[in-house]
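Reproduced below: final12.pdb, with PDB, C-alpha atoms.
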```
ATOM      1  CA  MET A   1      79.852 162.121-190.696
ATOM      2  CA  ALA A   2      83.301 162.395-189.194
ATOM      3  CA  ILE A   3      82.747 165.385-186.918
ATOM      4  CA  SER A   4      79.898 164.803-184.539
ATOM      5  CA  THR A   5      80.267 167.841-182.285
ATOM      6  CA  ILE A   6      81.676 171.326-182.838
ATOM      7  CA  ASN A   7      81.950 174.036-180.201
ATOM      8  CA  LEU A   8      80.055 177.133-181.367
ATOM      9  CA  LYS A   9      82.909 179.271-180.126
ATOM     10  CA  SER A  10      84.913 178.066-183.083
ATOM     11  CA  PHE A  11      82.423 179.948-185.268
ATOM     12  CA  GLY A  12      83.328 183.159-183.462
ATOM     13  CA  LEU A  13      80.036 183.422-181.598
ATOM     14  CA  ALA A  14      79.835 185.433-178.390
ATOM     15  CA  ASP A  15      80.473 183.882-175.056
ATOM     16  CA  PRO A  16      76.998 182.876-173.824
ATOM     17  CA  ASN A  17      77.227 180.290-176.534
ATOM     18  CA  ALA A  18      80.645 179.055-175.496
ATOM     19  CA  ASP A  19      79.177 176.039-173.734
ATOM     20  CA  LYS A  20      76.872 175.201-176.598
ATOM     21  CA  MET A  21      77.761 172.479-178.967
ATOM     22  CA  LEU A  22      76.775 172.065-182.586
ATOM     23  CA  MET A  23      76.000 168.410-183.023
ATOM     24  CA  TRP A  24      75.269 166.416-186.129
ATOM     25  CA  ASP A  25      72.230 164.280-185.449
ATOM     26  CA  ASP A  26      72.408 161.254-187.735
ATOM     27  CA  SER A  27      68.835 160.250-187.030
ATOM     28  CA  GLU A  28      67.552 163.651-188.167
ATOM     29  CA  SER A  29      70.290 164.270-190.774
ATOM     30  CA  ALA A  30      70.584 167.784-189.428
ATOM     31  CA  PHE A  31      72.664 169.919-187.124
ATOM     32  CA  ALA A  32      71.341 170.632-183.639
ATOM     33  CA  ILE A  33      72.549 172.845-180.832
ATOM     34  CA  THR A  34      72.915 170.895-177.651
ATOM     35  CA  GLY A  35      73.395 171.805-173.986
ATOM     36  CA  THR A  36      76.320 172.663-171.789
ATOM     37  CA  GLY A  37      79.641 171.006-172.331
ATOM     38  CA  PHE A  38      83.294 171.729-172.337
ATOM     39  CA  ASP A  39      85.115 174.699-173.679
ATOM     40  CA  VAL A  40      87.271 172.647-175.980
ATOM     41  CA  ALA A  41      90.039 175.205-175.896
ATOM     42  CA  SER A  42      90.489 174.549-172.171
ATOM     43  CA  ILE A  43      91.034 170.822-172.612
ATOM     44  CA  THR A  44      94.779 170.901-172.761
ATOM     45  CA  GLY A  45      95.830 168.364-170.152
ATOM     46  CA  ALA A  46      98.464 170.853-169.065
ATOM     47  CA  THR A  47      97.377 170.853-165.420
ATOM     48  CA  ALA A  48      97.835 167.769-163.308
ATOM     49  CA  LEU A  49      95.324 166.927-160.611
ATOM     50  CA  ALA A  50      97.765 166.256-157.819
ATOM     51  CA  VAL A  51      95.237 164.800-155.390
ATOM     52  CA  PRO A  52      92.582 162.096-155.697
ATOM     53  CA  PRO A  53      89.535 163.512-157.467
ATOM     54  CA  ASP A  54      86.475 164.508-155.501
ATOM     55  CA  GLY A  55      83.344 162.474-156.079
ATOM     56  CA  ASP A  56      81.778 165.223-158.147
ATOM     57  CA  ASP A  57      84.875 165.846-160.273
ATOM     58  CA  GLU A  58      84.212 164.770-163.816
ATOM     59  CA  ILE A  59      85.922 162.795-166.508
ATOM     60  CA  ASN A  60      85.076 162.460-170.189
ATOM     61  CA  ILE A  61      83.569 159.331-171.560
ATOM     62  CA  SER A  62      82.204 158.271-174.897
ATOM     63  CA  ASP A  63      78.651 156.975-174.665
ATOM     64  CA  GLY A  64      78.071 155.346-178.032
ATOM     65  CA  GLY A  65      80.222 157.963-179.724
ATOM     66  CA  THR A  66      78.850 160.967-177.873
ATOM     67  CA  LEU A  67      81.245 162.684-175.495
ATOM     68  CA  LYS A  68      79.724 163.024-172.045
ATOM     69  CA  ARG A  69      80.806 164.148-168.594
ATOM     70  CA  LEU A  70      80.744 161.642-165.761
ATOM     71  CA  ASP A  71      81.071 162.183-162.007
ATOM     72  CA  VAL A  72      84.043 160.278-160.673
ATOM     73  CA  LYS A  73      81.963 158.924-157.794
ATOM     74  CA  LEU A  74      79.960 156.880-160.286
ATOM     75  CA  MET A  75      83.110 154.937-161.080
ATOM     76  CA  GLN A  76      84.367 154.588-157.513
ATOM     77  CA  ASN A  77      83.495 151.676-155.223
ATOM     78  CA  ARG A  78      80.824 153.657-153.481
ATOM     79  CA  PRO A  79      78.416 153.846-151.822
ATOM     80  CA  LEU A  80      80.497 152.238-149.077
ATOM     81  CA  PHE A  81      79.390 151.571-145.515
ATOM     82  CA  PHE A  82      80.596 149.873-142.332
ATOM     83  CA  ALA A  83      78.490 149.491-139.189
ATOM     84  CA  TYR A  84      78.612 147.677-135.862
ATOM     85  CA  HIS A  85      76.603 147.542-132.631
ATOM     86  CA  ASP A  86      77.637 149.672-129.680
ATOM     87  CA  THR A  87      75.783 147.582-127.088
ATOM     88  CA  THR A  88      75.274 143.856-126.685
ATOM     89  CA  LEU A  89      72.753 142.328-129.051
ATOM     90  CA  THR A  90      70.861 139.313-127.725
ATOM     91  CA  LEU A  91      70.111 136.367-129.997
ATOM     92  CA  ALA A  92      67.350 134.033-128.800
ATOM     93  CA  ASN A  93      67.884 130.321-129.273
ATOM     94  CA  SER A  94      67.035 128.893-132.704
ATOM     95  CA  THR A  95      65.800 132.307-133.826
ATOM     96  CA  THR A  96      66.875 134.081-136.990
ATOM     97  CA  THR A  97      67.594 137.522-135.549
ATOM     98  CA  LYS A  98      68.253 140.647-137.552
ATOM     99  CA  LEU A  99      71.688 142.170-137.046
ATOM    100  CA  ALA A 100      70.330 145.668-136.521
ATOM    101  CA  PHE A 101      73.715 147.230-135.912
ATOM    102  CA  ASN A 102      73.265 150.779-134.760
ATOM    103  CA  THR A 103      76.597 152.535-135.198
ATOM    104  CA  GLU A 104      78.110 153.654-138.472
ATOM    105  CA  VAL A 105      81.840 153.965-138.883
ATOM    106  CA  ILE A 106      81.509 155.107-142.481
ATOM    107  CA  ASP A 107      78.574 155.601-144.821
ATOM    108  CA  THR A 108      79.625 157.597-147.867
ATOM    109  CA  ASP A 109      76.195 158.090-149.349
ATOM    110  CA  GLY A 110      73.800 157.568-146.459
ATOM    111  CA  VAL A 111      72.680 154.123-147.627
ATOM    112  CA  TYR A 112      72.770 152.394-144.220
ATOM    113  CA  ASP A 113      69.862 153.058-141.873
ATOM    114  CA  HIS A 114      71.457 152.619-138.472
ATOM    115  CA  SER A 115      68.338 153.016-136.395
ATOM    116  CA  SER A 116      68.456 150.282-133.758
ATOM    117  CA  THR A 117      65.230 148.838-135.154
ATOM    118  CA  ILE A 118      66.137 149.046-138.831
ATOM    119  CA  GLY A 119      69.704 148.049-139.661
ATOM    120  CA  ARG A 120      69.478 147.828-143.409
ATOM    121  CA  ILE A 121      70.818 149.407-146.558
ATOM    122  CA  THR A 122      68.639 150.583-149.408
ATOM    123  CA  ILE A 123      70.097 150.780-152.906
ATOM    124  CA  PRO A 124      69.771 154.417-154.050
ATOM    125  CA  SER A 125      68.472 155.396-157.441
ATOM    126  CA  GLY A 126      71.277 155.203-159.967
ATOM    127  CA  MET A 127      73.346 152.896-157.750
ATOM    128  CA  ASP A 128      72.003 149.588-158.980
ATOM    129  CA  GLY A 129      74.581 147.073-160.109
ATOM    130  CA  ILE A 130      76.923 144.535-158.578
ATOM    131  CA  TRP A 131      77.443 144.878-154.830
ATOM    132  CA  LEU A 132      79.683 143.174-152.329
ATOM    133  CA  PHE A 133      78.306 142.650-148.840
ATOM    134  CA  GLY A 134      80.131 141.217-145.870
ATOM    135  CA  THR A 135      79.558 140.490-142.250
ATOM    136  CA  LYS A 136      81.582 139.216-139.338
ATOM    137  CA  VAL A 137      80.024 137.823-136.178
ATOM    138  CA  ALA A 138      81.454 136.222-133.043
ATOM    139  CA  CYS A 139      78.818 134.276-131.125
ATOM    140  CA  PRO A 140      79.674 132.859-127.676
ATOM    141  CA  GLY A 141      78.275 129.785-125.921
ATOM    142  CA  ILE A 142      78.495 127.302-128.787
ATOM    143  CA  ASP A 143      79.128 123.593-128.145
ATOM    144  CA  ALA A 144      80.152 120.858-130.547
ATOM    145  CA  ASN A 145      77.547 120.139-133.225
ATOM    146  CA  GLU A 146      75.699 123.387-132.582
ATOM    147  CA  LEU A 147      75.747 126.003-135.292
ATOM    148  CA  ILE A 148      75.607 129.648-136.141
ATOM    149  CA  ARG A 149      74.234 130.701-139.510
ATOM    150  CA  THR A 150      74.467 134.080-141.199
ATOM    151  CA  GLU A 151      71.839 135.000-143.761
ATOM    152  CA  LEU A 152      71.556 137.812-146.267
ATOM    153  CA  HIS A 153      67.977 138.947-146.819
ATOM    154  CA  ILE A 154      66.987 141.015-149.834
ATOM    155  CA  ASN A 155      63.637 142.775-149.796
ATOM    156  CA  GLY A 156      62.610 140.854-146.688
ATOM    157  CA  ASP A 157      63.328 137.371-147.945
ATOM    158  CA  ASN A 158      66.194 135.048-147.287
ATOM    159  CA  THR A 159      67.936 134.720-150.600
ATOM    160  CA  THR A 160      66.854 131.616-152.450
ATOM    161  CA  ASN A 161      68.189 128.245-151.324
ATOM    162  CA  TYR A 162      70.208 129.883-148.585
ATOM    163  CA  TYR A 163      72.331 131.726-151.111
ATOM    164  CA  GLY A 164      74.125 134.170-148.917
ATOM    165  CA  THR A 165      74.137 131.836-145.979
ATOM    166  CA  ALA A 166      77.133 130.585-144.062
ATOM    167  CA  TYR A 167      77.035 127.733-141.567
ATOM    168  CA  ASN A 168      79.531 127.069-138.844
ATOM    169  CA  PHE A 169      79.897 123.916-136.776
ATOM    170  CA  ILE A 170      82.613 123.097-134.304
ATOM    171  CA  PRO A 171      83.749 119.486-134.057
ATOM    172  CA  SER A 172      84.392 119.352-130.324
ATOM    173  CA  GLY A 173      84.441 121.333-127.089
ATOM    174  CA  THR A 174      81.868 123.339-125.171
ATOM    175  CA  ASN A 175      81.082 126.987-124.642
ATOM    176  CA  GLN A 176      83.166 128.190-127.578
ATOM    177  CA  THR A 177      83.008 131.551-129.318
ATOM    178  CA  GLN A 178      82.324 130.927-132.966
ATOM    179  CA  THR A 179      83.428 133.490-135.530
ATOM    180  CA  GLN A 180      81.848 133.592-138.958
ATOM    181  CA  ASN A 181      82.862 135.742-141.911
ATOM    182  CA  THR A 182      80.519 135.941-144.854
ATOM    183  CA  VAL A 183      81.196 137.746-148.125
ATOM    184  CA  ILE A 184      78.634 137.821-150.883
ATOM    185  CA  VAL A 185      78.544 139.378-154.342
ATOM    186  CA  VAL A 186      75.039 140.009-155.602
ATOM    187  CA  GLU A 187      73.273 142.111-158.213
ATOM    188  CA  CYS A 188      70.878 144.666-156.754
ATOM    189  CA  ASP A 189      68.307 146.981-158.287
ATOM    190  CA  ALA A 190      67.559 150.508-157.134
ATOM    191  CA  SER A 191      65.274 150.554-154.043
ATOM    192  CA  ASP A 192      66.199 146.974-153.089
ATOM    193  CA  TYR A 193      66.901 146.725-149.371
ATOM    194  CA  VAL A 194      69.397 144.380-147.816
ATOM    195  CA  GLU A 195      69.540 143.057-144.247
ATOM    196  CA  TRP A 196      71.626 140.546-142.316
ATOM    197  CA  TYR A 197      70.362 137.901-139.905
ATOM    198  CA  LEU A 198      72.048 135.445-137.592
ATOM    199  CA  MET A 199      70.715 132.204-136.125
ATOM    200  CA  GLN A 200      72.350 130.199-133.350
ATOM    201  CA  ASN A 201      71.063 126.994-131.774
ATOM    202  CA  SER A 202      73.105 126.785-128.581
ATOM    203  CA  GLY A 203      69.945 126.072-126.596
ATOM    204  CA  ASP A 204      69.960 129.393-124.754
ATOM    205  CA  SER A 205      70.070 133.064-125.682
ATOM    206  CA  GLN A 206      73.519 134.468-126.499
ATOM    207  CA  ASP A 207      74.858 138.010-126.477
ATOM    208  CA  LEU A 208      76.949 139.415-129.300
ATOM    209  CA  ALA A 209      79.576 141.716-127.858
ATOM    210  CA  SER A 210      79.722 145.388-128.800
ATOM    211  CA  LYS A 211      83.044 145.242-130.592
ATOM    212  CA  LYS A 212      83.338 146.701-134.048
ATOM    213  CA  GLY A 213      86.055 144.192-134.958
ATOM    214  CA  ASN A 214      83.906 141.213-133.925
ATOM    215  CA  ASN A 215      80.394 142.033-135.032
ATOM    216  CA  CYS A 216      80.015 144.219-138.073
ATOM    217  CA  VAL A 217      78.411 144.541-141.485
ATOM    218  CA  TYR A 218      79.909 146.272-144.487
ATOM    219  CA  GLY A 219      79.582 146.598-148.206
ATOM    220  CA  TRP A 220      80.118 148.648-151.310
ATOM    221  CA  ARG A 221      79.086 148.776-154.921
ATOM    222  CA  ILE A 222      81.609 147.044-157.143
ATOM    223  CA  ALA A 223      80.260 148.053-160.529
ATOM    224  CA  GLY A 224      77.218 149.722-161.974
ATOM    225  CA  GLY A 225      75.387 149.958-165.231
ATOM    226  CA  GLU A 226      74.911 147.204-167.751
ATOM    227  CA  GLN A 227      77.730 144.656-167.574
TER     228      GLN A 227
ATOM    229  CA  MET B   1      68.298 133.829-119.581
ATOM    230  CA  ALA B   2      64.563 133.287-119.813
ATOM    231  CA  ALA B   3      62.792 130.827-122.052
ATOM    232  CA  THR B   4      61.983 132.083-125.528
ATOM    233  CA  LEU B   5      59.686 131.049-128.361
ATOM    234  CA  SER B   6      61.795 128.049-129.383
ATOM    235  CA  HIS B   7      61.533 126.613-125.865
ATOM    236  CA  LYS B   8      57.750 127.051-125.882
ATOM    237  CA  ILE B   9      57.534 125.146-129.158
ATOM    238  CA  GLN B  10      59.690 122.379-127.713
ATOM    239  CA  ALA B  11      57.467 122.284-124.614
ATOM    240  CA  LEU B  12      54.330 122.095-126.756
ATOM    241  CA  TYR B  13      55.601 119.520-129.227
ATOM    242  CA  THR B  14      57.900 117.232-127.268
ATOM    243  CA  ASP B  15      57.991 114.664-130.072
ATOM    244  CA  ILE B  16      59.557 116.815-132.778
ATOM    245  CA  ASP B  17      63.237 117.644-133.250
ATOM    246  CA  LEU B  18      62.981 121.402-133.589
ATOM    247  CA  ASN B  19      66.607 121.921-134.591
ATOM    248  CA  ALA B  20      66.256 119.337-137.349
ATOM    249  CA  GLU B  21      63.090 121.031-138.624
ATOM    250  CA  ILE B  22      64.863 124.384-138.599
ATOM    251  CA  ASN B  23      67.894 122.994-140.418
ATOM    252  CA  LYS B  24      65.605 121.559-143.084
ATOM    253  CA  GLY B  25      63.900 124.933-143.478
ATOM    254  CA  ASN B  26      60.549 123.593-142.289
ATOM    255  CA  VAL B  27      60.500 126.021-139.376
ATOM    256  CA  VAL B  28      61.776 129.578-139.260
ATOM    257  CA  ILE B  29      61.548 131.553-136.034
ATOM    258  CA  GLN B  30      62.468 135.147-136.718
ATOM    259  CA  ASN B  31      63.027 138.406-134.870
ATOM    260  CA  ASP B  32      63.138 141.507-137.072
ATOM    261  CA  MET B  33      64.200 143.691-134.128
ATOM    262  CA  ASP B  34      61.196 145.910-134.724
ATOM    263  CA  GLY B  35      59.933 145.708-131.160
ATOM    264  CA  ASN B  36      57.481 142.895-131.880
ATOM    265  CA  GLY B  37      59.795 140.130-130.706
ATOM    266  CA  GLU B  38      60.059 136.617-132.094
ATOM    267  CA  TYR B  39      57.462 135.062-134.347
ATOM    268  CA  ILE B  40      57.022 131.916-136.401
ATOM    269  CA  LYS B  41      57.721 132.999-139.964
ATOM    270  CA  THR B  42      57.587 129.532-141.504
ATOM    271  CA  TRP B  43      55.862 126.395-140.229
ATOM    272  CA  ASN B  44      55.736 123.279-142.371
ATOM    273  CA  VAL B  45      56.048 120.368-139.948
ATOM    274  CA  SER B  46      54.355 117.208-141.078
ATOM    275  CA  GLY B  47      51.411 116.280-138.870
ATOM    276  CA  LYS B  48      51.760 119.303-136.593
ATOM    277  CA  SER B  49      49.697 122.451-136.859
ATOM    278  CA  LYS B  50      51.314 125.816-136.396
ATOM    279  CA  PRO B  51      51.177 126.667-132.692
ATOM    280  CA  THR B  52      48.764 129.383-131.692
ATOM    281  CA  THR B  53      49.612 132.205-129.321
ATOM    282  CA  SER B  54      47.196 130.723-126.810
ATOM    283  CA  GLN B  55      48.860 127.316-126.991
ATOM    284  CA  LEU B  56      52.309 128.854-126.581
ATOM    285  CA  ASN B  57      51.257 130.980-123.635
ATOM    286  CA  GLY B  58      49.798 127.876-122.032
ATOM    287  CA  VAL B  59      53.173 126.135-121.892
ATOM    288  CA  ALA B  60      55.195 129.034-120.492
ATOM    289  CA  SER B  61      56.174 127.223-117.296
ATOM    290  CA  ASP B  62      57.017 124.042-119.205
ATOM    291  CA  ALA B  63      59.192 126.121-121.504
ATOM    292  CA  GLU B  64      61.234 127.221-118.494
ATOM    293  CA  LYS B  65      61.756 123.551-117.653
ATOM    294  CA  VAL B  66      62.888 122.898-121.228
ATOM    295  CA  LEU B  67      65.440 125.677-120.932
ATOM    296  CA  THR B  68      66.598 124.485-117.505
ATOM    297  CA  ASN B  69      67.098 120.979-118.822
ATOM    298  CA  ILE B  70      69.037 122.282-121.809
ATOM    299  CA  LYS B  71      71.357 124.143-119.452
ATOM    300  CA  VAL B  72      71.702 121.057-117.262
ATOM    301  CA  GLY B  73      72.470 118.966-120.312
ATOM    302  CA  LYS B  74      75.187 121.385-121.414
ATOM    303  CA  THR B  75      76.710 121.426-117.930
ATOM    304  CA  ARG B  76      76.699 117.647-117.846
ATOM    305  CA  LYS B  77      78.237 117.444-121.307
ATOM    306  CA  ALA B  78      81.068 119.751-120.314
ATOM    307  CA  SER B  79      81.696 117.646-117.173
ATOM    308  CA  TYR B  80      81.593 114.310-118.985
ATOM    309  CA  GLY B  81      84.516 115.239-121.194
ATOM    310  CA  SER B  82      85.124 114.027-124.703
ATOM    311  CA  TRP B  83      84.073 110.538-125.780
ATOM    312  CA  GLN B  84      87.694 109.686-126.463
ATOM    313  CA  ASP B  85      88.656 110.481-122.882
ATOM    314  CA  GLN B  86      85.666 108.560-121.557
ATOM    315  CA  LEU B  87      86.616 105.478-123.609
ATOM    316  CA  ASP B  88      90.044 105.688-122.082
ATOM    317  CA  GLU B  89      88.493 105.889-118.603
ATOM    318  CA  ILE B  90      86.291 102.882-119.330
ATOM    319  CA  TYR B  91      89.245 100.857-120.575
ATOM    320  CA  LYS B  92      91.278 101.637-117.465
ATOM    321  CA  ASP B  93      88.570 101.377-114.765
ATOM    322  CA  ILE B  94      84.975 101.106-115.816
ATOM    323  CA  ASP B  95      83.644 101.249-112.257
ATOM    324  CA  ALA B  96      85.460 104.491-111.549
ATOM    325  CA  TRP B  97      84.031 105.912-114.778
ATOM    326  CA  LYS B  98      80.484 104.887-113.799
ATOM    327  CA  THR B  99      80.916 106.488-110.382
ATOM    328  CA  ARG B 100      82.130 109.734-111.911
ATOM    329  CA  ILE B 101      79.343 109.892-114.467
ATOM    330  CA  LYS B 102      76.708 109.194-111.814
ATOM    331  CA  LYS B 103      78.061 112.044-109.693
ATOM    332  CA  VAL B 104      77.826 114.423-112.646
ATOM    333  CA  LYS B 105      74.188 113.411-113.143
ATOM    334  CA  ASP B 106      73.347 113.634-109.437
ATOM    335  CA  ASP B 107      74.989 117.039-109.125
ATOM    336  CA  ASN B 108      73.056 118.348-112.127
ATOM    337  CA  PRO B 109      69.534 116.927-111.916
ATOM    338  CA  LYS B 110      67.009 117.493-114.716
ATOM    339  CA  SER B 111      63.579 118.713-113.761
TER     340      SER B 111
END
```

File written out as structure tokens:
Amino acid sequence: MAISTINLKSFGLADPNADKMLMWDDSESAFAITGTGFDVASITGATALAVPPDGDDEINISDGGTLKRLDVKLMQNRPLFFAYHDTTLTLANSTTTKLAFNTEVIDTDGVYDHSSTIGRITIPSGMDGIWLFGTKVACPGIDANELIRTELHINGDNTTNYYGTAYNFIPSGTNQTQTQNTVIVVECDASDYVEWYLMQNSGDSQDLASKKGNNCVYGWRIAGGEQ
Amino acid sequence: MAATLSHKIQALYTDIDLNAEINKGNVVIQNDMDGNGEYIKTWNVSGKSKPTTSQLNGVASDAEKVLTNIKVGKTRKASYGSWQDQLDEIYKDIDAWKTRIKKVKDDNPKS
């Protein structure tokens, strides 16, 4: 059938029905009245939205031929977060230490738990999909042939075969500050939680400085839904 | 800084290369920053049983020596200079090189 939805207003019905749609249901071979929707007469495109849309502004989308409304935020690269540590964070020698950064710069949807003993993000319901996570660390006190290693842990486990791990060696010198940037793209399910760890084997404990540009974690959802 | 769990393990098992075991994934020492401190998350070292808390507590003073010696070793390494520079010193005056190296060792004794 060519016409799948018809606004009841076009039948001259009174206004409480203006948001109701008459829909042809192929599976039942019958018409059905469905829920709220657009007043088709108002969809003119005559008014420009002169500013970026709010997250809960809506656009139209066809879901298998059925017109639906969709919050813009579901198509934006959010949730988005950025956090760092506002005091020094001590890393014991040869110990994989969680980067429990305690200060948020931005957290659009409250996904990052910045408690000093937590430091993780949890994927909210409806926000599963492809995520990008990044971290930057600057660890002092590293000599030649010593290393720092960043790890991404999902649901408490280091990702398999050190996926999400970055090593850093320096070829020469002593007492160097080693900077490591790690960017990872990974598919996450709702309720997954993600944490970052850092290991250094300088022989002694080392302090990460409390600088948001040096030691930080960040991330955002790239895409959602079935790919 | 004070000795930590890795130094206690090194004090207990002097015949294993802890860094090598860690790099191979046979040992993971972890701190989840939950207030419980460091713990051995993974231990799969051939011929060596996982250290117990009692064993680790028993080598606390030795662990401090391990840490001290690591610091001494790093100080010495920084004073020795690169191997390229040392080869140059040896080529020019091997006795002067030996004297300098001995002074570095004497000034930074291991315990």

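With the shown file loaded, the PyMOL selection byres ((chain B and resi 7) around 8) picks out Ala3, Thr4, Leu5, Ser6, Lys8, Ile9, Gln10, Ala11, Ala63, Glu64, Val66 and Leu67 of chain B.
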
task: For the point (77.7, 163.3, -167.0) in the file's frame, write as number ranges by chain all residues with an atom no more than 12 Å away, counting all atoms listed in the file.
output: A: 35-38, 56-63, 66-75

field: Selection result of the ChimeraX specification (/A :<6) & /B on this file, as a VMD selection string
entry: chain B and resid 29 to 34

C-alpha atoms of the current selection, written as a short mmCIF file (atom, residue, chain, number, x, y, z; two decimals), keeping the file's coordinate frame:
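Dumped to part.cif:
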```cif
data_model
loop_
_atom_site.label_atom_id
_atom_site.label_comp_id
_atom_site.auth_asym_id
_atom_site.auth_seq_id
_atom_site.Cartn_x
_atom_site.Cartn_y
_atom_site.Cartn_z
CA ILE B 29 61.55 131.55 -136.03
CA GLN B 30 62.47 135.15 -136.72
CA ASN B 31 63.03 138.41 -134.87
CA ASP B 32 63.14 141.51 -137.07
CA MET B 33 64.20 143.69 -134.13
CA ASP B 34 61.20 145.91 -134.72
#
```

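Every protein, DNA or RNA residue with an atom at most 12 Å from B:Lys24, where all atoms listed in the file count and chain neighbours fewer than 4 positions away do not, is listed here: Asn161 and Tyr162 of chain A; Asp17, Leu18, Asn19, Ala20, Val28, Thr42, Trp43, Asn44 and Val45 of chain B.
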
task: Quote the spacing between atom CA of B:Asp107 and atom CA of B:Thr68 in Å to one decimal place.
output: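 So the two atoms, atom CA of B:Asp107 and atom CA of B:Thr68, lie 14.0 Å apart.
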
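Distance annotation: of B:Lys105, B:Asp15, B:Ile22, B:Trp97, the residue with the minimal separation from B:Asp85 is B:Trp97; atom set is only C-alpha atoms.
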
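Nearest residue to B:Asp62 among B:Val104, B:Leu12, B:Ser79, B:Asp88 is B:Leu12, counting all atoms listed in the file.
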
query: From the set B:Thr14, B:Gln86, B:Gly81, B:Ser46, which residue has the shortest atom-to-atom contact distance to B:Val59, counting only C-alpha atoms?
result: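 Of B:Thr14, B:Gln86, B:Gly81, B:Ser46, the one nearest B:Val59, counting only C-alpha atoms, is B:Thr14.
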
query: If you count all atoms listed in the file, which residues fall within 6 Å of A:Thr88, apart from same-chain ones fewer than 6 positions away, as a list in words?
result: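 Skipping anything fewer than 6 positions along the chain leaves Asp207, Leu208, Ala209 and Ser210 of chain A.
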
message: What would the selection look like, as a PyMOL selection string, if the PyMOL selection byres ((chain A and resi 102-114) around 12) were run on the coordinates I just shared?
response: (chain A and resi 55+73-74+76-89+98-101+115-125+127+190-195+210-213+215-221) or (chain B and resi 33)

- prompt: How many Å separate atom CA of B:Lys103 from atom CA of B:Glu89?
  reply: 15.0 Å

- prompt: What is the distance, in Å and to one decimal place, between atom CA of B:Trp83 and atom CA of A:Ala144?
  reply: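 If I compute the distance from atom CA of B:Trp83 to atom CA of A:Ala144, I get 12.0 Å.
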
Set up a box along x, y and z of the file covering all listed atoms of stretch 39-44 of chain B, add 6 Å on every one of the six sides, and write the centre and edge lengths in Å to one decimal, as JSON.
```
{"center_x": 56.7, "center_y": 129.2, "center_z": -138.4, "size_x": 14.0, "size_y": 23.8, "size_z": 20.0}
```
